[in-house]
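Engineer: You'll find start01.cif just under this line, and it carries mmCIF, C-alpha atoms.
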data_my_file
#
loop_
_atom_site.label_atom_id
_atom_site.label_comp_id
_atom_site.auth_asym_id
_atom_site.auth_seq_id
_atom_site.Cartn_x
_atom_site.Cartn_y
_atom_site.Cartn_z
CA MET A 1 -10.80 -136.76 -182.09
CA SER A 2 -10.98 -136.39 -185.81
CA PHE A 3 -12.74 -139.22 -187.59
CA ILE A 4 -11.43 -139.94 -191.05
CA ASN A 5 -13.53 -142.27 -193.13
CA TYR A 6 -11.60 -143.49 -196.17
CA SER A 7 -14.64 -145.41 -197.32
CA SER A 8 -17.07 -142.46 -197.54
CA ARG A 9 -14.13 -140.04 -197.99
CA GLU A 10 -15.07 -137.79 -195.11
CA ILE A 11 -13.12 -135.91 -192.48
CA ASN A 12 -15.10 -135.12 -189.32
CA CYS A 13 -13.75 -132.72 -186.72
CA LYS A 14 -15.10 -131.48 -183.39
CA ILE A 15 -14.70 -127.89 -182.22
CA VAL A 16 -15.73 -126.72 -178.75
CA TYR A 17 -16.62 -123.14 -177.86
CA TYR A 18 -15.64 -122.60 -174.23
CA GLY A 19 -16.07 -119.59 -171.97
CA PRO A 20 -17.83 -118.13 -168.94
CA GLY A 21 -21.61 -118.05 -168.65
CA LEU A 22 -23.34 -115.54 -170.95
CA CYS A 23 -20.16 -114.74 -172.89
CA GLY A 24 -21.87 -115.47 -176.23
CA LYS A 25 -20.92 -119.04 -177.19
CA THR A 26 -24.46 -119.94 -178.25
CA THR A 27 -24.79 -116.56 -180.01
CA ASN A 28 -21.69 -117.43 -182.09
CA LEU A 29 -23.29 -120.67 -183.24
CA GLN A 30 -26.66 -119.02 -183.86
CA TYR A 31 -25.01 -116.41 -186.08
CA ILE A 32 -23.12 -119.09 -188.02
CA TYR A 33 -26.38 -120.99 -188.41
CA THR A 34 -28.31 -118.01 -189.78
CA LYS A 35 -25.58 -117.05 -192.26
CA THR A 36 -24.74 -120.51 -193.62
CA ASN A 37 -26.32 -121.88 -196.80
CA PRO A 38 -28.93 -124.56 -196.08
CA GLU A 39 -26.99 -127.20 -198.05
CA ALA A 40 -23.89 -126.63 -195.90
CA LYS A 41 -25.51 -127.00 -192.50
CA GLY A 42 -27.59 -129.43 -190.50
CA LYS A 43 -30.08 -128.68 -187.77
CA MET A 44 -28.87 -126.65 -184.81
CA ILE A 45 -29.47 -128.59 -181.62
CA SER A 46 -29.74 -126.65 -178.36
CA LEU A 47 -30.11 -128.49 -175.08
CA ALA A 48 -31.11 -125.50 -172.98
CA THR A 49 -33.05 -124.70 -169.82
CA GLU A 50 -36.45 -122.97 -169.90
CA THR A 51 -34.64 -119.66 -169.52
CA GLU A 52 -32.53 -120.43 -172.61
CA ARG A 53 -29.31 -121.05 -170.71
CA THR A 54 -27.28 -123.91 -172.16
CA LEU A 55 -27.90 -127.03 -170.08
CA PHE A 56 -25.73 -129.56 -171.86
CA PHE A 57 -24.59 -128.35 -175.26
CA ASP A 58 -25.45 -126.65 -178.55
CA PHE A 59 -24.44 -128.43 -181.72
CA LEU A 60 -24.29 -127.29 -185.33
CA PRO A 61 -23.05 -129.63 -188.09
CA LEU A 62 -21.31 -127.78 -190.94
CA SER A 63 -19.90 -128.91 -194.28
CA LEU A 64 -17.02 -126.75 -195.40
CA GLY A 65 -16.45 -128.29 -198.80
CA GLU A 66 -13.98 -130.76 -200.26
CA ILE A 67 -10.28 -131.04 -199.81
CA ARG A 68 -8.43 -133.54 -202.04
CA GLY A 69 -11.67 -135.43 -202.59
CA PHE A 70 -12.52 -135.59 -198.89
CA LYS A 71 -15.67 -133.89 -197.60
CA THR A 72 -14.79 -131.82 -194.56
CA ARG A 73 -17.41 -131.77 -191.84
CA PHE A 74 -17.03 -129.64 -188.77
CA HIS A 75 -19.06 -130.19 -185.64
CA PRO A 76 -18.98 -127.10 -183.43
CA TYR A 77 -20.29 -127.58 -179.88
CA THR A 78 -20.75 -125.09 -177.07
CA GLU A 79 -20.45 -126.07 -173.44
CA PRO A 80 -22.63 -124.86 -170.56
CA GLY A 81 -20.74 -121.88 -169.15
CA GLN A 82 -22.34 -121.72 -165.73
CA VAL A 83 -19.89 -122.79 -163.03
CA PHE A 84 -21.98 -125.63 -161.57
CA TYR A 85 -22.19 -127.54 -164.87
CA ASP A 86 -18.59 -128.67 -164.65
CA ALA A 87 -19.37 -132.39 -165.00
CA SER A 88 -21.16 -131.71 -168.31
CA ARG A 89 -18.31 -129.49 -169.52
CA LYS A 90 -15.83 -132.30 -169.10
CA LEU A 91 -18.00 -134.56 -171.26
CA ILE A 92 -18.26 -132.05 -174.09
CA LEU A 93 -14.48 -131.83 -174.32
CA LYS A 94 -14.15 -135.55 -175.05
CA GLY A 95 -12.71 -136.07 -178.49
CA VAL A 96 -12.21 -132.36 -179.18
CA ASP A 97 -10.05 -131.33 -182.15
CA GLY A 98 -10.01 -127.57 -181.63
CA VAL A 99 -11.06 -125.08 -178.98
CA VAL A 100 -12.37 -121.50 -179.17
CA PHE A 101 -12.22 -119.61 -175.91
CA VAL A 102 -14.91 -116.91 -175.99
CA ALA A 103 -14.05 -114.17 -173.52
CA ASP A 104 -16.58 -111.65 -172.28
CA SER A 105 -14.91 -108.26 -172.77
CA GLN A 106 -16.80 -106.53 -169.98
CA ILE A 107 -14.49 -105.39 -167.18
CA GLU A 108 -16.69 -106.94 -164.49
CA ARG A 109 -16.44 -110.35 -166.22
CA MET A 110 -12.65 -110.46 -166.14
CA GLU A 111 -12.59 -112.74 -163.11
CA ALA A 112 -15.16 -115.07 -164.70
CA ASN A 113 -12.98 -115.21 -167.85
CA ILE A 114 -9.91 -116.16 -165.85
CA GLU A 115 -11.82 -118.78 -163.88
CA SER A 116 -13.26 -120.29 -167.07
CA LEU A 117 -9.87 -120.36 -168.80
CA ASP A 118 -8.31 -122.12 -165.78
CA ASN A 119 -11.22 -124.54 -165.81
CA LEU A 120 -10.67 -125.20 -169.54
CA ARG A 121 -7.02 -126.04 -168.94
CA VAL A 122 -7.87 -128.41 -166.07
CA ASN A 123 -10.74 -130.14 -167.85
CA LEU A 124 -8.69 -130.60 -171.03
CA SER A 125 -5.88 -132.07 -169.03
CA ASP A 126 -8.35 -134.49 -167.39
CA GLN A 127 -9.10 -135.73 -170.91
CA GLY A 128 -5.42 -136.05 -171.72
CA TYR A 129 -5.10 -132.83 -173.76
CA ASN A 130 -2.78 -129.89 -173.32
CA LEU A 131 -4.21 -126.48 -174.20
CA ASP A 132 -0.77 -125.34 -175.40
CA LYS A 133 -0.62 -128.14 -177.94
CA ILE A 134 -4.08 -128.38 -179.48
CA PRO A 135 -5.58 -126.07 -182.13
CA TYR A 136 -6.81 -123.13 -180.08
CA VAL A 137 -7.99 -119.56 -180.72
CA VAL A 138 -9.31 -116.79 -178.49
CA GLN A 139 -12.25 -114.52 -179.24
CA TYR A 140 -12.84 -111.29 -177.33
CA ASN A 141 -16.58 -110.92 -177.58
CA LYS A 142 -18.90 -107.99 -176.80
CA ARG A 143 -16.38 -105.40 -178.03
CA ASP A 144 -19.26 -103.01 -178.68
CA LEU A 145 -20.17 -102.61 -175.02
CA PRO A 146 -19.13 -99.35 -173.32
CA ASN A 147 -17.80 -101.21 -170.26
CA SER A 148 -15.49 -103.46 -172.26
CA ALA A 149 -11.93 -103.76 -170.97
CA PRO A 150 -9.02 -102.43 -173.07
CA LEU A 151 -7.91 -105.03 -175.62
CA ASP A 152 -4.30 -104.97 -174.43
CA GLU A 153 -5.37 -105.92 -170.93
CA LEU A 154 -7.53 -108.82 -172.17
CA LYS A 155 -4.70 -110.07 -174.36
CA LYS A 156 -2.20 -109.92 -171.53
CA VAL A 157 -4.39 -111.85 -169.11
CA LEU A 158 -6.24 -114.26 -171.40
CA ASN A 159 -3.80 -114.94 -174.21
CA PRO A 160 -0.28 -115.05 -172.79
CA THR A 161 0.76 -117.67 -175.38
CA THR A 162 -0.44 -115.39 -178.22
CA VAL A 163 -2.58 -117.88 -180.11
CA PRO A 164 -4.69 -116.38 -182.95
CA GLU A 165 -7.17 -113.93 -181.45
CA TYR A 166 -10.20 -112.04 -182.75
CA GLU A 167 -12.35 -109.16 -181.59
CA ALA A 168 -16.02 -109.92 -181.94
CA VAL A 169 -19.58 -108.76 -181.55
CA ALA A 170 -21.35 -112.08 -181.90
CA THR A 171 -24.84 -110.55 -181.93
CA THR A 172 -24.06 -108.74 -185.20
CA GLY A 173 -21.58 -111.31 -186.48
CA VAL A 174 -18.40 -109.26 -186.25
CA GLY A 175 -15.46 -111.66 -185.94
CA VAL A 176 -17.65 -114.77 -185.77
CA PHE A 177 -16.61 -116.36 -189.07
CA ASP A 178 -13.01 -115.17 -188.68
CA THR A 179 -12.86 -117.11 -185.43
CA LEU A 180 -14.43 -120.24 -186.90
CA LYS A 181 -12.22 -120.20 -189.97
CA ALA A 182 -9.10 -119.71 -187.86
CA VAL A 183 -9.78 -122.70 -185.62
CA ALA A 184 -10.91 -124.88 -188.56
CA LYS A 185 -7.68 -124.04 -190.38
CA LEU A 186 -5.59 -124.92 -187.35
CA VAL A 187 -7.45 -128.24 -186.98
CA LEU A 188 -6.84 -129.17 -190.63
CA THR A 189 -3.20 -128.13 -190.41
CA GLU A 190 -2.81 -130.34 -187.34
CA LEU A 191 -4.52 -133.18 -189.17
CA LYS A 192 -2.17 -132.77 -192.12
CA ARG A 193 0.80 -132.89 -189.76
CA GLY A 194 -0.54 -136.01 -188.05
CA GLY A 195 -1.66 -137.61 -191.32
CA MET B 1 0.84 -134.28 -178.32
CA GLY B 2 -0.85 -134.53 -181.69
CA THR B 3 -4.57 -134.86 -182.15
CA PRO B 4 -5.48 -138.54 -182.08
CA GLN B 5 -7.44 -139.79 -185.05
CA VAL B 6 -9.96 -142.49 -185.65
CA VAL B 7 -10.02 -143.87 -189.14
CA MET B 8 -12.32 -146.14 -191.08
CA PHE B 9 -11.35 -148.14 -194.16
CA GLU B 10 -13.41 -149.60 -196.99
CA GLU B 11 -12.97 -153.20 -195.82
CA GLU B 12 -14.07 -152.61 -192.23
CA GLN B 13 -16.83 -150.25 -193.34
CA GLN B 14 -18.30 -153.04 -195.47
CA GLN B 15 -18.05 -155.54 -192.63
CA ILE B 16 -19.78 -153.14 -190.23
CA GLN B 17 -22.46 -152.45 -192.83
CA ALA B 18 -23.08 -156.18 -193.29
CA VAL B 19 -23.48 -156.67 -189.52
CA CYS B 20 -25.91 -153.72 -189.34
CA ASP B 21 -27.99 -154.94 -192.29
CA ARG B 22 -28.26 -158.40 -190.76
CA LEU B 23 -29.07 -157.04 -187.29
CA GLN B 24 -31.83 -154.89 -188.75
CA ARG B 25 -33.38 -157.90 -190.49
CA ASP B 26 -32.91 -160.37 -187.63
CA SER B 27 -34.26 -158.03 -184.97
CA ASN B 28 -37.13 -156.87 -187.18
CA SER B 29 -36.25 -153.31 -186.21
CA ILE B 30 -36.81 -149.98 -187.96
CA ALA B 31 -33.22 -148.84 -188.19
CA ILE B 32 -29.70 -149.42 -186.93
CA LEU B 33 -27.05 -146.76 -186.35
CA VAL B 34 -23.42 -147.20 -185.41
CA ILE B 35 -21.87 -144.03 -184.04
CA ASN B 36 -18.46 -143.32 -182.61
CA LYS B 37 -18.33 -142.05 -179.03
CA ASP B 38 -17.66 -138.51 -180.26
CA GLY B 39 -21.02 -138.42 -182.00
CA GLN B 40 -20.05 -139.09 -185.61
CA GLU B 41 -21.91 -141.58 -187.76
CA ILE B 42 -20.10 -144.75 -188.81
CA ALA B 43 -22.90 -146.76 -190.41
CA ARG B 44 -26.67 -146.93 -190.80
CA ALA B 45 -29.12 -149.59 -191.93
CA GLY B 46 -32.85 -149.97 -192.42
CA ASN B 47 -35.37 -147.20 -192.81
CA THR B 48 -33.24 -144.12 -192.17
CA GLU B 49 -34.40 -141.74 -194.93
CA HIS B 50 -36.68 -139.82 -192.56
CA LEU B 51 -34.05 -139.62 -189.82
CA ASP B 52 -31.72 -136.69 -189.14
CA VAL B 53 -28.81 -139.04 -188.51
CA THR B 54 -26.25 -136.27 -187.90
CA SER B 55 -28.30 -134.70 -185.10
CA LEU B 56 -29.26 -138.08 -183.67
CA SER B 57 -25.62 -139.19 -183.63
CA SER B 58 -24.60 -136.15 -181.62
CA LEU B 59 -27.47 -136.56 -179.15
CA PHE B 60 -26.99 -140.32 -178.70
CA ALA B 61 -23.30 -139.73 -178.02
CA GLY B 62 -24.20 -136.98 -175.53
CA ASN B 63 -26.64 -139.35 -173.88
CA VAL B 64 -24.05 -142.12 -173.59
CA ALA B 65 -21.42 -139.65 -172.34
CA ALA B 66 -23.82 -138.35 -169.67
CA THR B 67 -24.68 -141.89 -168.59
CA GLY B 68 -20.96 -142.68 -168.43
CA GLY B 69 -20.50 -139.60 -166.22
CA ILE B 70 -23.26 -140.84 -163.92
CA ALA B 71 -21.63 -144.29 -163.76
CA LYS B 72 -18.36 -142.71 -162.73
CA LEU B 73 -20.01 -140.72 -159.93
CA LEU B 74 -21.74 -143.88 -158.71
CA ALA B 75 -18.50 -145.88 -158.89
CA GLU B 76 -19.99 -148.17 -161.54
CA LYS B 77 -17.71 -149.30 -164.35
CA GLU B 78 -20.32 -148.43 -166.95
CA PHE B 79 -23.97 -148.81 -167.80
CA SER B 80 -23.42 -150.80 -170.94
CA GLY B 81 -27.01 -150.71 -172.20
CA GLN B 82 -29.91 -148.28 -172.22
CA PHE B 83 -33.51 -148.62 -173.24
CA HIS B 84 -35.90 -145.76 -174.03
CA GLU B 85 -39.56 -146.62 -174.39
CA GLY B 86 -41.67 -144.38 -176.60
CA GLU B 87 -45.29 -144.46 -177.64
CA LYS B 88 -44.43 -145.80 -181.09
CA THR B 89 -40.66 -146.00 -181.27
CA ASN B 90 -38.30 -147.60 -178.77
CA ILE B 91 -34.56 -147.21 -178.63
CA HIS B 92 -31.91 -149.64 -177.48
CA LEU B 93 -28.41 -148.20 -176.99
CA SER B 94 -25.31 -150.22 -176.22
CA LEU B 95 -21.57 -149.71 -176.17
CA VAL B 96 -19.43 -151.81 -178.49
CA ALA B 97 -15.83 -152.50 -177.53
CA GLN B 98 -15.70 -149.20 -175.62
CA ARG B 99 -15.41 -147.45 -178.96
CA ALA B 100 -18.77 -147.21 -180.62
CA ILE B 101 -22.45 -146.91 -179.86
CA LEU B 102 -24.87 -149.36 -181.41
CA VAL B 103 -28.38 -147.93 -181.67
CA VAL B 104 -31.47 -149.97 -182.54
CA LEU B 105 -34.74 -148.19 -183.26
CA PHE B 106 -37.71 -150.53 -183.11
CA ASP B 107 -41.48 -150.58 -182.77
CA SER B 108 -44.20 -153.07 -181.84
CA ARG B 109 -43.16 -155.38 -184.70
CA SER B 110 -40.18 -156.34 -182.56
CA SER B 111 -39.58 -156.66 -178.82
CA LEU B 112 -36.91 -155.67 -176.32
CA GLY B 113 -36.07 -159.33 -175.72
CA LEU B 114 -35.47 -160.03 -179.41
CA VAL B 115 -33.46 -156.82 -179.85
CA ARG B 116 -31.27 -157.64 -176.84
CA LEU B 117 -30.63 -161.15 -178.14
CA ARG B 118 -29.66 -160.00 -181.64
CA VAL B 119 -27.64 -157.04 -180.35
CA LYS B 120 -25.51 -159.38 -178.26
CA LYS B 121 -24.36 -161.35 -181.30
CA ALA B 122 -23.95 -158.26 -183.48
CA SER B 123 -21.91 -156.53 -180.76
CA GLU B 124 -19.48 -159.41 -180.66
CA GLU B 125 -19.07 -159.28 -184.42
CA LEU B 126 -18.63 -155.50 -184.41
CA ALA B 127 -16.10 -155.73 -181.58
CA LYS B 128 -13.97 -158.01 -183.76
CA VAL B 129 -14.08 -155.54 -186.65
CA PHE B 130 -13.08 -152.65 -184.38
CA GLU B 131 -10.29 -154.75 -182.92
CA ALA B 132 -8.95 -155.39 -186.44
CA LEU B 133 -9.27 -151.69 -187.20
CA VAL B 134 -7.23 -150.73 -184.13
CA LYS B 135 -4.55 -153.23 -185.12
CA LYS B 136 -4.42 -151.79 -188.61
CA MET B 137 -4.15 -148.26 -187.25
CA SER B 138 -1.42 -149.12 -184.77
CA ALA B 139 0.50 -150.94 -187.51
CA GLY B 140 0.63 -147.61 -189.31
CA ASN B 141 -1.12 -148.91 -192.41
CA THR B 142 -2.97 -145.65 -192.95
CA PRO B 143 -3.05 -143.99 -196.35
CA THR B 144 -0.98 -140.86 -196.69
CA VAL B 145 -3.54 -138.71 -198.46
CA LEU B 146 -3.90 -136.34 -195.50
CA GLY B 147 -0.19 -135.69 -195.48
CA GLU B 148 -0.51 -134.60 -199.10
CA ILE B 149 -2.91 -131.80 -198.22
CA SER B 150 -1.14 -128.53 -198.89
CA ASP B 151 -1.51 -125.20 -197.10
CA ALA B 152 -3.03 -123.93 -200.35
CA ASP B 153 -5.70 -126.67 -200.22
CA ILE B 154 -6.65 -125.52 -196.74
CA ASP B 155 -6.67 -121.86 -197.79
CA ASN B 156 -8.86 -122.68 -200.80
CA LEU B 157 -11.47 -124.21 -198.53
CA PHE B 158 -11.95 -120.87 -196.86
CA ASN B 159 -12.06 -118.66 -199.92
CA ASP B 160 -15.48 -117.05 -200.00
#
Any chance you could give the structure as structure tokens?
Structural biologist:
Amino acid sequence: MSFINYSSREINCKIVYYGPGLCGKTTNLQYIYTKTNPEAKGKMISLATETERTLFFDFLPLSLGEIRGFKTRFHPYTEPGQVFYDASRKLILKGVDGVVFVADSQIERMEANIESLDNLRVNLSDQGYNLDKIPYVVQYNKRDLPNSAPLDELKKVLNPTTVPEYEAVATTGVGVFDTLKAVAKLVLTELKRGG
Amino acid sequence: MGTPQVVMFEEEQQQIQAVCDRLQRDSNSIAILVINKDGQEIARAGNTEHLDVTSLSSLFAGNVAATGGIAKLLAEKEFSGQFHEGEKTNIHLSLVAQRAILVVLFDSRSSLGLVRLRVKKASEELAKVFEALVKKMSAGNTPTVLGEISDADIDNLFND
């Protein structure tokens, strides 16, 4: 839920990176963190297990600059992708303004992608949101791997509504900022429409 | 379904700030934070220069959300207050009007009893401000500046 403060002239928006376990959600945020100027970012918070799997969420506050005198602050979160953390995933989606679905391009992860996408739809709907109506983009990550599925197949299965979609290699940063910019733009456009 | 918004205006911001300043003095605490349930800062008072308020806001909201999730699983309506005891710093967290989180950071110069007492009064005052804010929002008295944002403004934000 965007928070617009007319007193401090700030727009705050929440973006959630969703996807199956080990698809690269945290890697997306880590790349953004390393490539963003210090004055435009806060600390990256990672609530992770000892084996560096996301336990609750990762969080990275970003300032994108000013728009008509309002500072725009984006708060990207990741959710824990492992199936058994469903209760936590629901909590992270509370108040979301935009969603990035990070798909794992590897053929053997296709089922996990589908399961996660179904789970996203259900959990959003539990919070009163409809995936077809909120700002939403899809990222096909790990495109560099030899066992990655053909793009057409991924698109057909994971993006039937043809929302903006990006190929990515989050470890090297390919497609990472394109994805972030796309969802941030959609969120602001939605805000403008609602404002 | 559009994205719902929460807004804050100058008048209510000042009222919230006044309540926070008074609570900080009356409870003899280190600092006060008011955060919305999505983890965004609304107000701060006291000695906050050394605090990473943005990170804290996100973590306090996560904490409250997790506790709310536990309450649901235990068929409790909510756990309205939480207390964390540290070696030097203690934290008192409470929900205000189901909309915001009131955080009090305090040390040995104060006590849990005093903080609880002062928080009760401050919560009531804050609840009234939030109630007024909701009324204002539902009456549609929101400025139109966001509607004036053009596609070009949005594009400009992303020009490298």
Engineer: Would you write out, as CSV, a table of all residues in chain A that have an atom no more than 8 Å from an atom of chain B, listing for each the closest atom pair and the distance in Å to one decimal, considering only C-alpha atoms and ordering rows by chain and rising residue number?
Structural biologist:
residue,atom,partner,partner_atom,distance
A:Met1,CA,B:Gln5,CA,5.4
A:Ser2,CA,B:Gln5,CA,5.0
A:Phe3,CA,B:Val6,CA,4.7
A:Ile4,CA,B:Val7,CA,4.6
A:Asn5,CA,B:Met8,CA,4.5
A:Tyr6,CA,B:Phe9,CA,5.1
A:Ser7,CA,B:Glu10,CA,4.4
A:Asn12,CA,B:Gln40,CA,7.4
A:Gly42,CA,B:Thr54,CA,7.4
A:Lys43,CA,B:Ser55,CA,6.8
A:Ile45,CA,B:Ser55,CA,7.1
A:Phe59,CA,B:Ser58,CA,7.7
A:Pro61,CA,B:Thr54,CA,7.4
A:Leu64,CA,B:Leu157,CA,6.9
A:Gly65,CA,B:Leu157,CA,6.4
A:Glu66,CA,B:Leu157,CA,7.2
A:Ile67,CA,B:Asp153,CA,6.3
A:Arg68,CA,B:Ile149,CA,6.9
A:Ala87,CA,B:Gly69,CA,7.4
A:Ser88,CA,B:Ala66,CA,7.3
A:Leu91,CA,B:Ala65,CA,6.2
A:Ile92,CA,B:Gly62,CA,7.9
A:Lys94,CA,B:Asp38,CA,6.9
A:Gly95,CA,B:Asp38,CA,5.8
A:Asp97,CA,B:Thr3,CA,6.5
A:Tyr129,CA,B:Met1,CA,7.6
A:Asn130,CA,B:Met1,CA,7.6
A:Lys133,CA,B:Met1,CA,6.3
A:Ile134,CA,B:Thr3,CA,7.0
A:Lys181,CA,B:Phe158,CA,6.9
A:Lys185,CA,B:Ile154,CA,6.6
A:Leu188,CA,B:Ile154,CA,7.1
A:Thr189,CA,B:Asp151,CA,7.5
A:Glu190,CA,B:Thr3,CA,7.1
A:Leu191,CA,B:Leu146,CA,7.1
A:Lys192,CA,B:Gly147,CA,4.9
A:Arg193,CA,B:Gly147,CA,6.4
A:Gly194,CA,B:Gly2,CA,6.5
A:Gly195,CA,B:Gly147,CA,4.8
Engineer: Starting from the displayed file, determine the output of the PyMOL selection byres ((chain A and resi 70-79) around 7) and express the residue list as an mmCIF file with C-alpha atoms, in the frame of the given file.
Structural biologist:
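So the final result, stored in out-v4.cif, reads:
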data_model
loop_
_atom_site.group_PDB
_atom_site.id
_atom_site.type_symbol
_atom_site.label_atom_id
_atom_site.label_comp_id
_atom_site.auth_asym_id
_atom_site.auth_seq_id
_atom_site.Cartn_x
_atom_site.Cartn_y
_atom_site.Cartn_z
ATOM 1 C CA ARG A 9 -14.130 -140.040 -197.990
ATOM 2 C CA GLU A 10 -15.070 -137.790 -195.110
ATOM 3 C CA ILE A 11 -13.120 -135.910 -192.480
ATOM 4 C CA ASN A 12 -15.100 -135.120 -189.320
ATOM 5 C CA CYS A 13 -13.750 -132.720 -186.720
ATOM 6 C CA LYS A 14 -15.100 -131.480 -183.390
ATOM 7 C CA ILE A 15 -14.700 -127.890 -182.220
ATOM 8 C CA VAL A 16 -15.730 -126.720 -178.750
ATOM 9 C CA TYR A 17 -16.620 -123.140 -177.860
ATOM 10 C CA TYR A 18 -15.640 -122.600 -174.230
ATOM 11 C CA LYS A 25 -20.920 -119.040 -177.190
ATOM 12 C CA THR A 26 -24.460 -119.940 -178.250
ATOM 13 C CA PHE A 56 -25.730 -129.560 -171.860
ATOM 14 C CA PHE A 57 -24.590 -128.350 -175.260
ATOM 15 C CA ASP A 58 -25.450 -126.650 -178.550
ATOM 16 C CA PHE A 59 -24.440 -128.430 -181.720
ATOM 17 C CA LEU A 60 -24.290 -127.290 -185.330
ATOM 18 C CA PRO A 61 -23.050 -129.630 -188.090
ATOM 19 C CA LEU A 62 -21.310 -127.780 -190.940
ATOM 20 C CA SER A 63 -19.900 -128.910 -194.280
ATOM 21 C CA LEU A 64 -17.020 -126.750 -195.400
ATOM 22 C CA GLY A 65 -16.450 -128.290 -198.800
ATOM 23 C CA GLU A 66 -13.980 -130.760 -200.260
ATOM 24 C CA ILE A 67 -10.280 -131.040 -199.810
ATOM 25 C CA ARG A 68 -8.430 -133.540 -202.040
ATOM 26 C CA GLY A 69 -11.670 -135.430 -202.590
ATOM 27 C CA PRO A 80 -22.630 -124.860 -170.560
ATOM 28 C CA GLY A 81 -20.740 -121.880 -169.150
ATOM 29 C CA ARG A 89 -18.310 -129.490 -169.520
ATOM 30 C CA ILE A 92 -18.260 -132.050 -174.090
#
Engineer: How would you write, as a compact mmCIF listing (two decimals) with C-alpha atoms, in the frame of the given file, the residues chosen by the PyMOL selection byres ((chain B and resi 24-30) around 7) on this structure?
Structural biologist:
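In the end it all went to expr_39.txt:
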# COMPACT_ATOMS: atom_id res chain seq x y z
CA CYS B 20 -25.91 -153.72 -189.34
CA ASP B 21 -27.99 -154.94 -192.29
CA ARG B 22 -28.26 -158.40 -190.76
CA LEU B 23 -29.07 -157.04 -187.29
CA ALA B 31 -33.22 -148.84 -188.19
CA ILE B 32 -29.70 -149.42 -186.93
CA ALA B 45 -29.12 -149.59 -191.93
CA GLY B 46 -32.85 -149.97 -192.42
CA ASN B 47 -35.37 -147.20 -192.81
CA VAL B 104 -31.47 -149.97 -182.54
CA LEU B 105 -34.74 -148.19 -183.26
CA PHE B 106 -37.71 -150.53 -183.11
CA ASP B 107 -41.48 -150.58 -182.77
CA ARG B 109 -43.16 -155.38 -184.70
CA SER B 110 -40.18 -156.34 -182.56
CA LEU B 114 -35.47 -160.03 -179.41
CA VAL B 115 -33.46 -156.82 -179.85
CA ARG B 118 -29.66 -160.00 -181.64
Engineer: Give as a short mmCIF file (atom, residue, chain, number, x, y, z; two decimals) with C-alpha atoms, keeping the file's coordinate frame each residue that has an atom at most 12 Å from (-42.5, -150.9, -174.1) in the file, counting all atoms listed in the file.
Structural biologist:
data_model
loop_
_atom_site.label_atom_id
_atom_site.label_comp_id
_atom_site.auth_asym_id
_atom_site.auth_seq_id
_atom_site.Cartn_x
_atom_site.Cartn_y
_atom_site.Cartn_z
CA PHE B 83 -33.51 -148.62 -173.24
CA HIS B 84 -35.90 -145.76 -174.03
CA GLU B 85 -39.56 -146.62 -174.39
CA GLY B 86 -41.67 -144.38 -176.60
CA GLU B 87 -45.29 -144.46 -177.64
CA LYS B 88 -44.43 -145.80 -181.09
CA THR B 89 -40.66 -146.00 -181.27
CA ASN B 90 -38.30 -147.60 -178.77
CA ILE B 91 -34.56 -147.21 -178.63
CA HIS B 92 -31.91 -149.64 -177.48
CA PHE B 106 -37.71 -150.53 -183.11
CA ASP B 107 -41.48 -150.58 -182.77
CA SER B 108 -44.20 -153.07 -181.84
CA ARG B 109 -43.16 -155.38 -184.70
CA SER B 110 -40.18 -156.34 -182.56
CA SER B 111 -39.58 -156.66 -178.82
CA LEU B 112 -36.91 -155.67 -176.32
CA GLY B 113 -36.07 -159.33 -175.72
#
Engineer: In Å to one decimal, how far is atom CA of Tyr166 of chain A from atom CA of Gln30 of chain A?
Structural biologist: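 Computing it gives 17.9 Å between the two atoms.
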Engineer: Can you work out the spacing between atom CA of Val19 of chain B and atom CA of Ala97 of chain B in Å, to one decimal?
Structural biologist: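 Atom CA of Ala97 of chain B lies at a distance of 14.8 Å from atom CA of Val19 of chain B.
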Engineer: Given the file shown, determine the residues that the PyMOL selection byres ((chain A and resi 106) around 7) selects; report them as a count of residues only.
Structural biologist: 9
Engineer: Measure the distance from atom CA of Val129 of chain B to atom CA of Gln15 of chain B in Å and round it to one decimal.
Structural biologist: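 Atom-to-atom, atom CA of Val129 of chain B to atom CA of Gln15 of chain B, that is 7.2 Å.
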Engineer: At a cut-off of 10 Å around the point (-22.3, -108.8, -184.4) (file coordinates), what residues fall inside when counting only C-alpha atoms? I'd like the answer as a count of residues only.
Structural biologist: 16
Engineer: With all atoms of segment 30-37 of chain B from the file as input, state the centre and edge lengths in Å to one decimal of the axis-aligned box that has 5 Å extra on each side, as JSON.
Structural biologist:
{"center_x": -27.6, "center_y": -146.0, "center_z": -183.6, "size_x": 28.5, "size_y": 17.9, "size_z": 19.2}
Engineer: Taking all atoms listed in the file into account, which of B:Ala152, B:Ala100, B:Ala122, B:Leu133 comes nearest Val34 of chain B?
Structural biologist: B:Ala100
